[in-house]
Amino acid sequence: FKTYTGEESRGLADFVQSWVVPDGECEEKLPAGNHPCPPGSSLDTAATNFCKRMLDNEGLHTCFSTLNPMPYYESCRWSYCEAAAPQSAKGASSDEKLAVDFACHSVDSYVRACRGEGIKPEVWRTSDFCPIECGSGMEYRGCGSGESKS
């Protein structure tokens with residue numbers, strides 16, 4: 001990746017940081033009303049509760065001192081809300097499974113960025129937080145050998 005100045009970045013965090021606009025340089029910010037979760041709504045609460053689990057996840061604590069999790073937490077909330085918000089124009093209802101899948105992509109992005117910084121997070125996926133579904137007779141283990149029993 002190349003930084004804003006065209007130099008090779010030292011990693012994903014360096015790349016992202018080079019493109020951050022310093023406070024005060026942007027005159028217009030998106031109003032709170034543009035977030036897909038209305039503040040105080042049940043959807044906002046559900047997104048916050050789900051994504052807060054990222055911040056409480058013991059497997060990710062090794063990353064926190066090197067890579068700020070808050071942008072990924074906000075991305076998690078946005079993704080959850082965007083996927084779960086009823087699509088009234090299309091006549092579709094909200095989809096919690098889709099919301100969780102989208103939110104987990106944000107958490108997974110954090111884990112990949114953390115690994116890009118040379119940190120090896122612990123196992124962070126559980127059966128009730130961003131599980132990976134495997135085929136019949138298979139079980140996902142984050143630190144497994146990748147071999148199946150014969």
# chains A, B, ... in the order shown; residues from 1 in each chain; ligands from 1

$ residues_around --residues "Ser79 in chain A" --least-positions-apart "6" --cutoff "9 Å" --atoms "only C-alpha atoms" --output "ChimeraX atom specification"
/A:36,47,99-106

$ write_last_selection --atoms "N, CA, C and O atoms" --output "PDB file, in the first residue's frame"
ATOM      1  N   PRO A  36     -27.374   4.684   9.717  1.00  0.00           N
ATOM      2  CA  PRO A  36     -28.529   3.819   9.472  1.00  0.00           C
ATOM      3  C   PRO A  36     -29.284   3.392  10.727  1.00  0.00           C
ATOM      4  O   PRO A  36     -30.384   2.865  10.619  1.00  0.00           O
ATOM      5  N   ALA A  47     -27.138  -3.105  17.791  1.00  0.00           N
ATOM      6  CA  ALA A  47     -25.833  -2.950  17.151  1.00  0.00           C
ATOM      7  C   ALA A  47     -24.750  -2.654  18.183  1.00  0.00           C
ATOM      8  O   ALA A  47     -23.663  -3.234  18.148  1.00  0.00           O
ATOM      9  N   ALA A  99     -27.192  -8.984   9.493  1.00  0.00           N
ATOM     10  CA  ALA A  99     -26.570  -7.907  10.284  1.00  0.00           C
ATOM     11  C   ALA A  99     -25.340  -8.418  11.022  1.00  0.00           C
ATOM     12  O   ALA A  99     -24.291  -7.767  11.022  1.00  0.00           O
ATOM     13  N   VAL A 100     -25.461  -9.588  11.630  1.00  0.00           N
ATOM     14  CA  VAL A 100     -24.334 -10.180  12.359  1.00  0.00           C
ATOM     15  C   VAL A 100     -23.205 -10.518  11.388  1.00  0.00           C
ATOM     16  O   VAL A 100     -22.033 -10.248  11.667  1.00  0.00           O
ATOM     17  N   ASP A 101     -23.547 -11.083  10.234  1.00  0.00           N
ATOM     18  CA  ASP A 101     -22.521 -11.414   9.241  1.00  0.00           C
ATOM     19  C   ASP A 101     -21.757 -10.167   8.811  1.00  0.00           C
ATOM     20  O   ASP A 101     -20.524 -10.172   8.750  1.00  0.00           O
ATOM     21  N   PHE A 102     -22.476  -9.089   8.513  1.00  0.00           N
ATOM     22  CA  PHE A 102     -21.825  -7.844   8.095  1.00  0.00           C
ATOM     23  C   PHE A 102     -20.948  -7.288   9.215  1.00  0.00           C
ATOM     24  O   PHE A 102     -19.830  -6.847   8.975  1.00  0.00           O
ATOM     25  N   ALA A 103     -21.477  -7.286  10.431  1.00  0.00           N
ATOM     26  CA  ALA A 103     -20.719  -6.763  11.573  1.00  0.00           C
ATOM     27  C   ALA A 103     -19.456  -7.587  11.803  1.00  0.00           C
ATOM     28  O   ALA A 103     -18.386  -7.033  12.075  1.00  0.00           O
ATOM     29  N   CYS A 104     -19.557  -8.890  11.639  1.00  0.00           N
ATOM     30  CA  CYS A 104     -18.393  -9.757  11.844  1.00  0.00           C
ATOM     31  C   CYS A 104     -17.309  -9.500  10.807  1.00  0.00           C
ATOM     32  O   CYS A 104     -16.124  -9.691  11.089  1.00  0.00           O
ATOM     33  N   HIS A 105     -17.680  -9.051   9.624  1.00  0.00           N
ATOM     34  CA  HIS A 105     -16.677  -8.687   8.626  1.00  0.00           C
ATOM     35  C   HIS A 105     -15.833  -7.520   9.128  1.00  0.00           C
ATOM     36  O   HIS A 105     -14.618  -7.472   8.882  1.00  0.00           O
ATOM     37  N   SER A 106     -16.449  -6.583   9.849  1.00  0.00           N
ATOM     38  CA  SER A 106     -15.696  -5.461  10.416  1.00  0.00           C
ATOM     39  C   SER A 106     -14.720  -5.945  11.480  1.00  0.00           C
ATOM     40  O   SER A 106     -13.579  -5.488  11.545  1.00  0.00           O
TER      41      SER A 106
END

$ residues_around --residues "Ala84 in chain A" --least-positions-apart "4" --cutoff "8 Å" --atoms "only C-alpha atoms" --output "ChimeraX atom specification"
/A:43,80,94-96,98-99

$ residues_around --residues "range 13-18 of chain A" --least-positions-apart "6" --cutoff "10 Å" --atoms "only C-alpha atoms" --output "list of chain:residue names"
A:Phe1, A:Lys2, A:Thr3, A:Tyr4, A:Thr5, A:Gly6, A:Glu7, A:Thr66, A:Leu67, A:Asn68, A:Ala113, A:Cys114, A:Gly116, A:Glu117

$ write_last_selection --atoms "all heavy atoms" --output "mmCIF file, in the first residue's frame"
data_model
loop_
_atom_site.group_PDB
_atom_site.id
_atom_site.type_symbol
_atom_site.label_atom_id
_atom_site.label_comp_id
_atom_site.auth_asym_id
_atom_site.auth_seq_id
_atom_site.Cartn_x
_atom_site.Cartn_y
_atom_site.Cartn_z
ATOM 1 N N PHE A 1 0.830 -1.180 0.000
ATOM 2 C CA PHE A 1 0.000 0.000 0.000
ATOM 3 C C PHE A 1 0.874 1.243 0.000
ATOM 4 O O PHE A 1 1.906 1.279 0.635
ATOM 5 C CB PHE A 1 -0.891 0.031 1.243
ATOM 6 C CG PHE A 1 -1.842 -1.112 1.344
ATOM 7 C CD1 PHE A 1 -1.671 -2.111 2.283
ATOM 8 C CD2 PHE A 1 -2.939 -1.186 0.501
ATOM 9 C CE1 PHE A 1 -2.565 -3.144 2.383
ATOM 10 C CE2 PHE A 1 -3.839 -2.216 0.598
ATOM 11 C CZ PHE A 1 -3.658 -3.203 1.540
ATOM 12 N N LYS A 2 0.391 2.275 -0.674
ATOM 13 C CA LYS A 2 1.121 3.544 -0.694
ATOM 14 C C LYS A 2 0.391 4.556 0.185
ATOM 15 O O LYS A 2 -0.829 4.641 0.172
ATOM 16 C CB LYS A 2 1.239 4.071 -2.114
ATOM 17 C CG LYS A 2 2.080 3.160 -2.992
ATOM 18 C CD LYS A 2 2.715 3.933 -4.111
ATOM 19 C CE LYS A 2 3.447 2.962 -4.991
ATOM 20 N NZ LYS A 2 4.850 3.060 -4.934
ATOM 21 N N THR A 3 1.165 5.340 0.919
ATOM 22 C CA THR A 3 0.592 6.368 1.781
ATOM 23 C C THR A 3 0.087 7.528 0.933
ATOM 24 O O THR A 3 0.304 7.573 -0.278
ATOM 25 C CB THR A 3 1.643 6.898 2.774
ATOM 26 O OG1 THR A 3 2.670 7.545 2.036
ATOM 27 C CG2 THR A 3 2.202 5.785 3.635
ATOM 28 N N TYR A 4 -0.543 8.494 1.566
ATOM 29 C CA TYR A 4 -1.058 9.674 0.897
ATOM 30 C C TYR A 4 0.038 10.396 0.111
ATOM 31 O O TYR A 4 -0.185 10.939 -0.949
ATOM 32 C CB TYR A 4 -1.685 10.603 1.932
ATOM 33 C CG TYR A 4 -2.204 11.897 1.361
ATOM 34 C CD1 TYR A 4 -3.379 11.923 0.617
ATOM 35 C CD2 TYR A 4 -1.514 13.082 1.551
ATOM 36 C CE1 TYR A 4 -3.855 13.108 0.083
ATOM 37 C CE2 TYR A 4 -1.981 14.273 1.024
ATOM 38 C CZ TYR A 4 -3.154 14.276 0.290
ATOM 39 O OH TYR A 4 -3.626 15.437 -0.238
ATOM 40 N N THR A 5 1.261 10.348 0.638
ATOM 41 C CA THR A 5 2.373 11.035 -0.023
ATOM 42 C C THR A 5 3.029 10.184 -1.103
ATOM 43 O O THR A 5 3.996 10.614 -1.724
ATOM 44 C CB THR A 5 3.435 11.441 1.017
ATOM 45 O OG1 THR A 5 3.913 10.251 1.671
ATOM 46 C CG2 THR A 5 2.882 12.430 2.029
ATOM 47 N N GLY A 6 2.530 8.961 -1.320
ATOM 48 C CA GLY A 6 3.049 8.094 -2.363
ATOM 49 C C GLY A 6 4.162 7.163 -1.928
ATOM 50 O O GLY A 6 4.706 6.414 -2.725
ATOM 51 N N GLU A 7 4.492 7.171 -0.631
ATOM 52 C CA GLU A 7 5.546 6.296 -0.116
ATOM 53 C C GLU A 7 4.951 4.936 0.232
ATOM 54 O O GLU A 7 3.756 4.809 0.467
ATOM 55 C CB GLU A 7 6.161 6.918 1.140
ATOM 56 C CG GLU A 7 6.789 8.275 0.909
ATOM 57 C CD GLU A 7 7.159 8.959 2.222
ATOM 58 O OE1 GLU A 7 7.506 8.251 3.183
ATOM 59 O OE2 GLU A 7 7.080 10.189 2.275
ATOM 60 N N THR A 66 -1.754 -1.546 20.229
ATOM 61 C CA THR A 66 -1.087 -1.184 18.979
ATOM 62 C C THR A 66 -2.043 -0.611 17.948
ATOM 63 O O THR A 66 -1.703 0.321 17.227
ATOM 64 C CB THR A 66 -0.390 -2.428 18.383
ATOM 65 O OG1 THR A 66 0.531 -2.930 19.349
ATOM 66 C CG2 THR A 66 0.333 -2.098 17.103
ATOM 67 N N LEU A 67 -3.243 -1.151 17.885
ATOM 68 C CA LEU A 67 -4.191 -0.766 16.849
ATOM 69 C C LEU A 67 -5.516 -0.365 17.498
ATOM 70 O O LEU A 67 -6.173 -1.194 18.134
ATOM 71 C CB LEU A 67 -4.405 -1.939 15.883
ATOM 72 C CG LEU A 67 -5.211 -1.670 14.637
ATOM 73 C CD1 LEU A 67 -4.560 -0.595 13.763
ATOM 74 C CD2 LEU A 67 -5.368 -2.961 13.839
ATOM 75 N N ASN A 68 -5.870 0.889 17.352
ATOM 76 C CA ASN A 68 -7.092 1.429 17.940
ATOM 77 C C ASN A 68 -8.314 0.672 17.403
ATOM 78 O O ASN A 68 -8.566 0.693 16.196
ATOM 79 C CB ASN A 68 -7.206 2.916 17.619
ATOM 80 C CG ASN A 68 -8.423 3.572 18.213
ATOM 81 O OD1 ASN A 68 -9.220 2.958 18.914
ATOM 82 N ND2 ASN A 68 -8.580 4.853 17.935
ATOM 83 N N ALA A 113 -5.951 -6.495 10.198
ATOM 84 C CA ALA A 113 -5.091 -5.319 10.369
ATOM 85 C C ALA A 113 -4.122 -5.534 11.529
ATOM 86 O O ALA A 113 -2.947 -5.154 11.448
ATOM 87 C CB ALA A 113 -5.941 -4.071 10.602
ATOM 88 N N CYS A 114 -4.602 -6.144 12.569
ATOM 89 C CA CYS A 114 -3.764 -6.455 13.734
ATOM 90 C C CYS A 114 -2.635 -7.396 13.326
ATOM 91 O O CYS A 114 -1.471 -7.167 13.650
ATOM 92 C CB CYS A 114 -4.633 -7.078 14.819
ATOM 93 S SG CYS A 114 -3.762 -7.486 16.338
ATOM 94 N N GLY A 116 -1.479 -7.684 10.400
ATOM 95 C CA GLY A 116 -0.620 -6.900 9.524
ATOM 96 C C GLY A 116 0.401 -6.075 10.291
ATOM 97 O O GLY A 116 1.438 -5.696 9.760
ATOM 98 N N GLU A 117 0.101 -5.804 11.556
ATOM 99 C CA GLU A 117 1.026 -5.074 12.424
ATOM 100 C C GLU A 117 1.973 -6.025 13.161
ATOM 101 O O GLU A 117 2.750 -5.605 14.009
ATOM 102 C CB GLU A 117 0.241 -4.239 13.447
ATOM 103 C CG GLU A 117 -0.511 -3.084 12.830
ATOM 104 C CD GLU A 117 0.418 -2.060 12.199
ATOM 105 O OE1 GLU A 117 1.435 -1.701 12.830
ATOM 106 O OE2 GLU A 117 0.140 -1.637 11.065
#

$ atom_distance --atom1 "CA of Ser9 in chain A" --atom2 "CA of Lys120 in chain A"
19.9 Å

$ atom_distance --atom1 "CA of Ala85 in chain A" --atom2 "CA of Met54 in chain A"
20.9 Å

$ atom_distance --atom1 "CA of Ser42 in chain A" --atom2 "CA of Glu74 in chain A"
16.9 Å

$ residues_around --residues "Arg77 in chain A" --least-positions-apart "6" --cutoff "9 Å" --atoms "only C-alpha atoms" --output "list in words"
Cys37, Asp44, Ala46, Ala47, Thr48, Phe50, Cys51, Lys52, Ala103 and Ser106 of chain A

$ closest_residue --among "A:Cys134, A:Val107, A:Leu12, A:Leu60" --to "Tyr72 in chain A" --atoms "only C-alpha atoms"
A:Val107

$ closest_residue --among "A:Val123, A:Ile132, A:Val111, A:Met138" --to "Glu58 in chain A" --atoms "only C-alpha atoms"
A:Val123

$ residues_around --residues "Asn34 in chain A" --least-positions-apart "5" --cutoff "12 Å" --atoms "only C-alpha atoms" --output "list of chain:residue names"
A:Lys29, A:Pro39, A:Trp78, A:Cys81, A:Glu82

$ select_by_dssp --residues "range 44-130 of chain A" --states "helix (DSSP H, G or I)" --output "PyMOL selection string"
chain A and resi 44-56+58-64+70-84+96-116
